[in-house]
Amino acid sequence: MSIILAIESSCDDTSAAVLQNDRILSNIVASQKVHEQYGGVVPELASRAHQQNIIPVVDAAIKTAGISKKDLDAIAFTRGPGLLGSLLVGVSFAKSFSQALGIPIIDVNHLHAHVLSHFIKENDESVVPKFPFICLLVSGGHTQIILLRDYFDMEILGSTIDDAAGEAVDKAAKIMNLGYPGGPHIDRLAKDGNPQAFKFATPQIKDYDYSFSGIKTSFLYFLRDNLAENPNFIEENKNDLCASIQHCIVSFLLKKLHKAMKDTGVKQVAIAGGVSANSYLRSQLEEMGRKNRWDVFIPKFQFCTDNAAMVGIAAYFKYLNKDFSDISLPPYTRM
Ligand code: KG4
Ligand code: ZN
């Protein structure tokens, strides 16, 4: 039996969670509102906010779990990829807390954590994927199709060659002045729009790879041309624009995922990362899964965007292998 405290501080959310084996006891997330006024994450402000949040967030995670810090067996933290200043707060906190308690630390790759979030159990009924399965990882910084043969045996079948899907969504939202992060705004407004109203071309790109920068540019030019004729074009077509660009991005994501599933013959599919909170992606994948008789795994909303529970589950599998980290280990911005 193990009780692990996990810390996530790679970008702009400060989070702490407690897991008993693979079972979640608490998962606290403090989102940083300070970045909204700048239309994107300001790294220096993120580090400062992490410093303010980390102790109250860890304290809340321990209290909510109903344990005492003396019960902890290990402390896990996100080593990277992420913003250096943000990572440093979590890494330094985890190291010093572990020294004070005399327990080991476990470093976790943020992307592994997103993918392994599917193994978090909330109760005895929780159903988790079996190996092998394919996971589409769609976050603000990454877009990858990954084949998992075991917890840490992952093969990247395809990736984006430029922007991530989340970046494309956020940039489209920014062009329309919808606020940051743009994903949730597009998702909400698209619900009352027609996904076929406007067509945007997707690039021809090899195998299971993606490219999103061209989609963003064609969206920008399309709006510029239409705004020249009608200055109210965005306002009058907001819902249709959101639904159409969302349809373009989601269809492209699923087209490559479908190809990977067919070519490998794998029958279980999952999505992970912030963009997996998108309701259109979730419903389209469910439908594709039904048609193809795949088992589909869609994370609960609280496990899509950045959270420490996913760091805790990845750490649990390392804990079972006694795969602990050295205290001198530095954070990595790229992994
Ligand atoms: O995984 P995540 O929280 O952070 C990174 O590791 O990057 O992903 C953040 C991304 C942002 O681009 C955000 O706009 C997007 O996830 N996102 C969404 C939705 N919720 C968050 N995109 C589309 N629809 C959503 N509902
Ligand atoms: Zn993330």
# chains A, B, ... in the order shown; residues from 1 in each chain; ligands from 1
>>> residues_around(residues="range 312-321 of chain A", least_positions_apart="2", cutoff="8 Å", atoms="only C-alpha atoms", output="VMD selection string")
chain A and resid 2 4 to 7 17 to 19 21 to 22 76 106 to 108 112 to 113 116 to 117 119 to 120 151 308 to 310 323 to 324
>>> closest_atom_pairs(of="chain A", to="ligand 1", cutoff="6 Å", atoms="only C-alpha atoms and all ligand atoms", output="tab-separated table")
residue	atom	partner	partner_atom_place_in_ligand_line	distance
A:Ser139	CA	ligand 1	8 (O)	3.9
A:Gly140	CA	ligand 1	7 (O)	3.1
A:Gly141	CA	ligand 1	7 (O)	4.5
A:Gly166	CA	ligand 1	12 (O)	3.4
A:Glu167	CA	ligand 1	12 (O)	5.2
A:Asp170	CA	ligand 1	14 (O)	5.2
A:Pro181	CA	ligand 1	14 (O)	4.6
A:Gly182	CA	ligand 1	14 (O)	4.8
A:Gly183	CA	ligand 1	22 (N)	3.4
A:Pro184	CA	ligand 1	26 (N)	4.0
A:Asp187	CA	ligand 1	24 (N)	5.0
A:Gly273	CA	ligand 1	1 (O)	4.0
A:Gly274	CA	ligand 1	8 (O)	3.3
A:Val275	CA	ligand 1	22 (N)	3.8
A:Ala277	CA	ligand 1	26 (N)	4.5
A:Asn278	CA	ligand 1	24 (N)	3.5
A:Thr305	CA	ligand 1	3 (O)	3.4
A:Asp306	CA	ligand 1	3 (O)	4.3
>>> write_last_selection(atoms="N, CA, C and O atoms", output="short mmCIF file (atom, residue, chain, number, x, y, z; two decimals), in the first residue's frame")
data_model
loop_
_atom_site.label_atom_id
_atom_site.label_comp_id
_atom_site.auth_asym_id
_atom_site.auth_seq_id
_atom_site.Cartn_x
_atom_site.Cartn_y
_atom_site.Cartn_z
N SER A 139 -3.03 18.71 -26.13
CA SER A 139 -2.94 19.72 -25.07
C SER A 139 -2.58 21.06 -25.70
O SER A 139 -2.56 21.20 -26.92
N GLY A 140 -2.29 22.03 -24.83
CA GLY A 140 -1.92 23.34 -25.35
C GLY A 140 -0.56 23.34 -26.03
O GLY A 140 -0.28 24.18 -26.88
N GLY A 141 0.28 22.38 -25.69
CA GLY A 141 1.63 22.37 -26.25
C GLY A 141 1.94 21.16 -27.11
O GLY A 141 2.95 21.14 -27.81
N GLY A 166 -4.35 22.60 -29.43
CA GLY A 166 -4.80 23.60 -28.44
C GLY A 166 -4.37 25.01 -28.83
O GLY A 166 -5.12 25.97 -28.67
N GLU A 167 -3.16 25.11 -29.39
CA GLU A 167 -2.67 26.42 -29.84
C GLU A 167 -3.54 26.95 -30.97
O GLU A 167 -3.84 28.13 -31.02
N ASP A 170 -6.76 28.15 -29.54
CA ASP A 170 -6.55 29.39 -28.80
C ASP A 170 -6.29 30.57 -29.74
O ASP A 170 -6.76 31.68 -29.50
N PRO A 181 -8.04 31.13 -21.81
CA PRO A 181 -7.77 30.32 -23.01
C PRO A 181 -9.02 30.19 -23.87
O PRO A 181 -10.14 30.14 -23.36
N GLY A 182 -8.79 30.11 -25.18
CA GLY A 182 -9.90 30.20 -26.12
C GLY A 182 -10.73 28.93 -26.26
O GLY A 182 -11.90 28.99 -26.66
N GLY A 183 -10.11 27.77 -25.97
CA GLY A 183 -10.80 26.49 -26.19
C GLY A 183 -12.21 26.42 -25.61
O GLY A 183 -13.17 26.13 -26.33
N PRO A 184 -12.35 26.70 -24.33
CA PRO A 184 -13.70 26.62 -23.72
C PRO A 184 -14.70 27.60 -24.37
O PRO A 184 -15.88 27.29 -24.49
N ASP A 187 -15.77 26.12 -27.74
CA ASP A 187 -16.62 24.97 -27.45
C ASP A 187 -18.05 25.43 -27.15
O ASP A 187 -19.04 24.95 -27.72
N GLY A 273 -5.45 15.23 -22.35
CA GLY A 273 -4.96 16.61 -22.51
C GLY A 273 -6.12 17.60 -22.55
O GLY A 273 -7.28 17.20 -22.70
N GLY A 274 -5.78 18.87 -22.41
CA GLY A 274 -6.80 19.92 -22.28
C GLY A 274 -7.87 19.91 -23.37
O GLY A 274 -9.06 20.11 -23.09
N VAL A 275 -7.47 19.68 -24.63
CA VAL A 275 -8.45 19.73 -25.73
C VAL A 275 -9.41 18.53 -25.67
O VAL A 275 -10.49 18.57 -26.27
N ALA A 277 -11.21 17.95 -23.40
CA ALA A 277 -12.43 18.47 -22.73
C ALA A 277 -13.44 18.96 -23.76
O ALA A 277 -14.59 19.24 -23.42
N ASN A 278 -13.02 19.07 -25.01
CA ASN A 278 -13.91 19.63 -26.04
C ASN A 278 -15.11 18.72 -26.32
O ASN A 278 -14.95 17.55 -26.67
N THR A 305 -7.67 18.82 -18.30
CA THR A 305 -6.70 19.91 -18.19
C THR A 305 -5.72 19.58 -17.05
O THR A 305 -5.90 18.58 -16.35
N ASP A 306 -4.71 20.42 -16.89
CA ASP A 306 -3.62 20.08 -15.98
C ASP A 306 -4.11 19.84 -14.55
O ASP A 306 -4.85 20.65 -14.00
#
>>> residues_around(residues="range 279-294 of chain A", least_positions_apart="4", cutoff="8 Å", atoms="only C-alpha atoms", output="list in words")
Asp187, Gln246, His247, Val250, Leu254, Lys267, Gln268, Val269 and Ile298 of chain A
>>> write_last_selection(atoms="N, CA and C atoms", output="mmCIF file, in the first residue's frame")
data_model
loop_
_atom_site.group_PDB
_atom_site.id
_atom_site.type_symbol
_atom_site.label_atom_id
_atom_site.label_comp_id
_atom_site.auth_asym_id
_atom_site.auth_seq_id
_atom_site.Cartn_x
_atom_site.Cartn_y
_atom_site.Cartn_z
ATOM 1 N N ASP A 187 -15.765 26.123 -27.744
ATOM 2 C CA ASP A 187 -16.620 24.968 -27.454
ATOM 3 C C ASP A 187 -18.051 25.435 -27.149
ATOM 4 N N GLN A 246 -13.948 24.633 -35.291
ATOM 5 C CA GLN A 246 -13.872 23.478 -34.383
ATOM 6 C C GLN A 246 -14.049 22.179 -35.173
ATOM 7 N N HIS A 247 -15.016 22.190 -36.111
ATOM 8 C CA HIS A 247 -15.251 21.007 -36.945
ATOM 9 C C HIS A 247 -14.002 20.681 -37.766
ATOM 10 N N VAL A 250 -11.264 19.269 -35.319
ATOM 11 C CA VAL A 250 -11.634 17.961 -34.748
ATOM 12 C C VAL A 250 -11.645 16.882 -35.844
ATOM 13 N N LEU A 254 -9.397 13.475 -35.854
ATOM 14 C CA LEU A 254 -9.987 12.140 -35.870
ATOM 15 C C LEU A 254 -9.638 11.350 -37.133
ATOM 16 N N LYS A 267 -7.971 -1.972 -30.854
ATOM 17 C CA LYS A 267 -9.431 -1.810 -30.706
ATOM 18 C C LYS A 267 -9.835 -0.902 -29.553
ATOM 19 N N GLN A 268 -8.846 -0.381 -28.837
ATOM 20 C CA GLN A 268 -9.171 0.525 -27.734
ATOM 21 C C GLN A 268 -8.533 1.871 -27.993
ATOM 22 N N VAL A 269 -9.326 2.936 -27.788
ATOM 23 C CA VAL A 269 -8.824 4.268 -28.098
ATOM 24 C C VAL A 269 -9.151 5.221 -26.958
ATOM 25 N N ILE A 298 -12.753 8.244 -22.510
ATOM 26 C CA ILE A 298 -12.769 9.713 -22.493
ATOM 27 C C ILE A 298 -12.629 10.164 -21.037
#
>>> atom_distance(atom1="CA of Ser26 in chain A", atom2="CA of Ala65 in chain A")
5.1 Å
>>> closest_residue(among="A:Asp13, A:Gly80, A:Ala74, A:Thr333", to="Gln52 in chain A", atoms="only C-alpha atoms")
A:Asp13
